[in-house]
Structures are given as C-alpha cells and as structure tokens.
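The next block holds one structure in the form of structure tokens; read it before the comments.
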Amino acid sequence: MKTTNRCTKIIFTVGPATDNEKILHSLIKNGVDICRLNMAHGNSEWASITIQKIKKVCNNANRQIAIMMDIKGPEIRTGEIEGVWELKKDELFNLYTQRYEHEQDSKPFQTRGVMVNYPKLINDVQVGQVILINNGLIQLKILEKNSNYLHCKVIVPGLLKSKCHINLPGIKIDLPSLTEKDKEVLLIAIQENIEFIALSFVREAQDIVELRSFLVEHNCKPKIIAKIEDQSGLINLTEIIKQSDAIMIARGDLGIECPYEKIPILQRDIINSCLAYGKPVIVATHMLESMVSAPIPTRAEVSDISNAVLQTVDCIMLSAETSVGLYPLECIDVMKKISHEIESSLPLSHNEKIELYLPKNKMLRSAVVLAQELGNAGIVVFTRTGKSAQLISSLRAIQCPIFAFTDNISIYKQMRILWGINPFLLAFLEDHNATIDHALEKLLKDKSMKQGSYAIILTNTIIDQKSIDTIQLRHLI
Ligand code: PGA
Ligand code: MN
C-alpha cells in the first residue's frame, strides 16, 4: 500500500505573495488541498480574478483543488486615518460613533480620536471596560460614555493604522451576521460555484441558517464552515456544529476574545465535539507564523502542528504565511513533512467518540474494523453525495487508506476537506461491478493499492431491483 497518502489536509490562504499563476501552480502540484480567499482583505474584483486564475491553474496542473471564500461577517473596525499614529501610554483618546463637528462639543478636540463603524458601540460597553484594537496590540480603557463618543485612556500603547480590527471580549455585539459587503462578495462565490464558504464570528446556529438560505435562494449549495472566534460561538458550539458542514477553530480572534491560555483546551474540546458529531474541523492561525519571514519553522511551531495532527484534525491552515509571507512553498513542505511523520506514529485505533444511529453508518464502521483487523487493506467507497465518505473519514481509521470515488466534480473537490480521504473522479456505470473494476484498476495502476492487498468495498448492489448496501472483501491478485 502506498504509505505517502497524507490524512491531514492543508489549506493555504492566497494573497499578494501567491496570487500569481507560477506560484499557484507549484502550490497545487505540491499537494495543497484547499485555497482560501480572505475577504477581510480582498474585494469582489480580486476574488473573481483570483478564482478564475486558480481554476485555470488547476486545469493546467491536472489537479483539482477546492476553493474557500472566507467572508468577514460582523466585524468592528476603526475608520480611516492619515498615516500611522503612535498612541502613547496614558494618552486620552476618543472613539467616535458619529461624524463629529467642532461646534457641537469642544471636548473631543482636546484629545485625538478615530471613528468606529459600529453606531451601537456606546450602548454595549461599560465605563471601566477595556477595548482591544489591532489584535490587542493597543488597549483602551473607557473613562466616560458620551452620546456619540467614548472617552478612553491608552493603557497598552501601540501604532494605530486605518481600519484596525476591534475586539470587545465577552460582549455580544448587535451587528447582522451577514453584512452588505458579505452579500456582494458572496455573489462572486455563487457565480463561480466554489466549494466552501467560511463565515467569520459565527455567534449562533441561526447565523448559519441565514447564510444557507441566502445561498439556496441563489440556487447554490456550497459547504458552510463556521468560524468559532468568540465567546458566543463557544457557548452555542453544539448547535452551530449541527447546522454547519465544518468548523474552523479561528485561534487568532479566539485568543483575543478569550484568555489565550485557554486556547489549547478550547482547541481540544472543539475537536472532540466535531469528532462526536462527525463534522470536519480545521485548526487555523499562527501555525507557522515565523515562516512569514524565515525559511524554517520554530520548534514550537513544529510542536503545534504535530499536536493538531495527533488530535486528528481534518485540516491545518496557513494564513499570512502564504498570503504575504516570503516562503509559501516551504510552509507546505513543512506541514507535509510533519503530518507524514506524526501520522505514521499514530496507534491503530478509530474514533470512539462518534455516536452512530443509522444502520448504514454502523455498517460503515464495521468496514473500518474489518480493514484494521486485516491490516493490509484499504477501504474503497463509492459516493454520489459525499456522505458515506464523510462518515468513513470521521471514523478516523488510523493506518487504513480510504479511496472515495464519485462521479460529481463538486463532491470530488469538497472531499478534499475530509481527513484521510483520497478523492477520485470516475464515471459510474449501470453495471456496479464494472464500476468497481474500473476503480480497482485505477488504484492498482497509480500504485494507491498493491497486488496482494485487500480492498474493502462499500457500494450498493441491485438485487431484485432493490438497492442493497453492501460490503465486499476482495483480494487484489
Ligand atoms: P481571520 O480568522 O484570519 O479571518 O481573522 C482566523 C482567526 O481569527 O484565527
Ligand atoms: Mn478572525
């Protein structure tokens, strides 16, 4: 059996460092699974051009990867300022929620200040609370609330630029989950029929329901990924998992909205919940942050990636490392190397956390048990909707390759998110046996499976015009 199949999938974020055809080609050839477009930075025009470029390069490289559009969701930001301002310790500073005029109130002008794009800010905060700007690099304490501005003191000084992200830990902000800009960029995702939409700052299951109905209204059914990045998302995690197709542990914002020392435990708990519900899970942010400017990882980063692989997450993700970093290709190599090494050290086991109710799913689990008992075996699954592949993936059959065949290109690309799944595109014939023969020929030809090994095949067989779920055991000789 080919041992080079990687179970942990890699997502990279495309940006100025990688949005050219040459680098995209190398990344796609080098084994990335999903390309993420971070719409907190790009506009519709860039998205449209970039998606078309990725599709073109995939065709040239003869390897189809999936595309994820990550939309901004409810986010508070500072307004425009000229250049960069240095905010000094103990300096008084105002946050305005309305355009301010000199005549109205002279007090604001004795101090510097900036606009904030959230008019209800003043209602949601209390005097004494701390507001975090630019990932917590600047911190302001609220001294006074006024009708259209907050009077604050700088407690952690730093450099302020235009459109800095503001976090209000523990405060439920009253912004719609889908903004007008989100809807505008979603139209590009719909037009280009991409595979995944990730929604930022998902606070409750209803946010996912609304996004899904917007997409369905436009006759589009991408998979929806809920980014868990604040306390509301954590409180409502179970319901969010049930409504979403996958979860992203957005450790960047999560580590600001919650004390950072809690992140490892939150990561473990979110992964366990996803394993219990059989939903794919992504670990994101800072996995190789030092490689934005260095060609090799820190040992701490190696450990962080290893930990995620040991936890059997579906995907590990790169953000700044590939969007603006100097070493995007090296980052992929590092992730691949660590994944291979750690995956081959995992003890033979499968996911015991998942509760299965449907008889069909219990049958799929018995196929996993059989494959592991035999040892020299791979699972071959035929799936039109991707559901069986997702279930088998969620069973986390360690040391047991899974080959998933589909006749649908969207499902094929969507299976790239799934732990352990090697997707294949194949025409399904009337005659099931002929389809199976074609699949096995393909696996032997590309050395995915070896002569002498066992194929455990999950398929439907038609008997007396009835479709019967079947497990077949075939010795490849
Ligand atoms: P972002 O999300 O990169 O869109 O902010 C990920 C995170 O917060 O970790
Ligand atoms: Mn975020």
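Letters A, B, ... go to the chains of the structure tokens in the order shown; residues in each chain start at 1; ligands are counted from 1 in the same order.
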### Message
Just want the residues within 10 Å of ligand 2, written as an MDAnalysis selection string, counting only C-alpha atoms and all ligand atoms.
### Response
chainID A and resid 38 40 70 72:73 75 135 165 199:201 227:230 248:256 284:285
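For segment 247-283 of chain A, the set of residues given strand (DSSP E or B) by DSSP on the backbone reads Ile247, Met248, Ile249, Ala250, Val281, Ile282 and Val283 of chain A.
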Margin query: Show me, as a list in words, the residues that have an atom within 10 Å of Ala189 of chain A when counting only C-alpha atoms, minus same-chain residues fewer than 6 positions from it.
Written below: Ser44, Ala47, Ser48, Ile51, Ile67, Met68, Met69, Lys183, Glu195, Phe196, Ile197, Leu215, Cys220 and Pro222 of chain A
Generate the output file for the selected residues, C-alpha atoms, as a short mmCIF file (atom, residue, chain, number, x, y, z; two decimals), in the first residue's frame.
data_model
loop_
_atom_site.label_atom_id
_atom_site.label_comp_id
_atom_site.auth_asym_id
_atom_site.auth_seq_id
_atom_site.Cartn_x
_atom_site.Cartn_y
_atom_site.Cartn_z
CA SER A 44 -15.11 41.29 -5.37
CA ALA A 47 -11.96 37.45 -5.79
CA SER A 48 -13.34 36.95 -9.26
CA ILE A 51 -10.86 32.27 -8.51
CA ILE A 67 -11.78 26.94 -3.14
CA MET A 68 -12.99 28.51 0.11
CA MET A 69 -14.26 32.06 0.35
CA LYS A 183 -23.61 39.55 0.31
CA GLU A 195 -16.94 24.62 -2.87
CA PHE A 196 -16.76 26.26 0.56
CA ILE A 197 -17.92 29.44 2.30
CA LEU A 215 -27.18 30.73 -0.86
CA CYS A 220 -26.09 27.49 -4.79
CA PRO A 222 -21.54 25.20 -1.16
#
Spatial neighbours of Ile463 of chain A, 12 Å, only C-alpha atoms, chain gap at least 6 places, as a ChimeraX atom specification: /A:432,469-470
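Note that atom CA of Lys447 of chain A and atom CA of Met415 of chain A are 20.5 Å apart.
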Exercise: segment 307-313 of chain A partners within 9 Å, only C-alpha atoms, chain neighbours under 5 positions left out, as a PyMOL selection string | chain A and resi 7-9+267-268+271-272+275+280-283+302+338-339+342-343+345-346+396+419
One residue among A:Leu132, A:Ile468, A:Val116, A:Leu318 is nearest to ligand 1 when using only C-alpha atoms and all ligand atoms, and that residue is A:Leu318
Distance query Val156 of chain A at most 9 Å, only C-alpha atoms, self and fewer than 5 positions along chain excluded, as a PyMOL selection string | chain A and resi 87-90+136-140
(Q) Give me the residues near Met449 of chain A as a VMD selection string, where near means some atom within 12 Å (using only C-alpha atoms) and where sequence neighbours in that chain fewer than 3 positions away do not count. (A) chain A and resid 1 to 5 376 to 380 400 to 403 422 439 to 446 452 to 456 475 to 477
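When only C-alpha atoms are used to compute distances to Glu430 of chain A, the closest of the residues A:Ile11, A:Met317, A:Cys58, A:Ile462 turns out to be A:Ile462.
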For ligand 1, the closest of A:Asn148, A:Asn62, A:Ser319, A:Thr383 counting only C-alpha atoms and all ligand atoms is A:Ser319
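With only C-alpha atoms as the atoms that count, the residue of A:Asp269, A:Val324, A:Ser306, A:Ala226 with the shortest distance to Lys337 of chain A is A:Ser306.
Computed from the coordinates, the atom CA of Asp431 of chain A to atom CA of Asn460 of chain A distance equals 10.9 Å.
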field: helix (DSSP H, G or I) per DSSP on the backbone: members of segment 180-390 of chain A, as a PyMOL selection string
entry: chain A and resi 180-192+205-217+231-235+237-243+251-257+260-277+289-292+299-310+320-323+328-343+359-374+387-390
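Proximity of A:Ser344, A:Thr322, A:Thr18, A:Gln231 to Arg6 of chain A, computed with only C-alpha atoms, is greatest for A:Ser344.
With distances taken over only C-alpha atoms and all ligand atoms, A:Ile166 is the one residue among A:Val114, A:Ser393, A:Asp19, A:Ile166 lying closest to ligand 1.
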Taken to one decimal, the atom CA of Pro169 of chain A-atom 4 (O, counted along the ligand's line) of ligand 1 distance is 16.6 Å
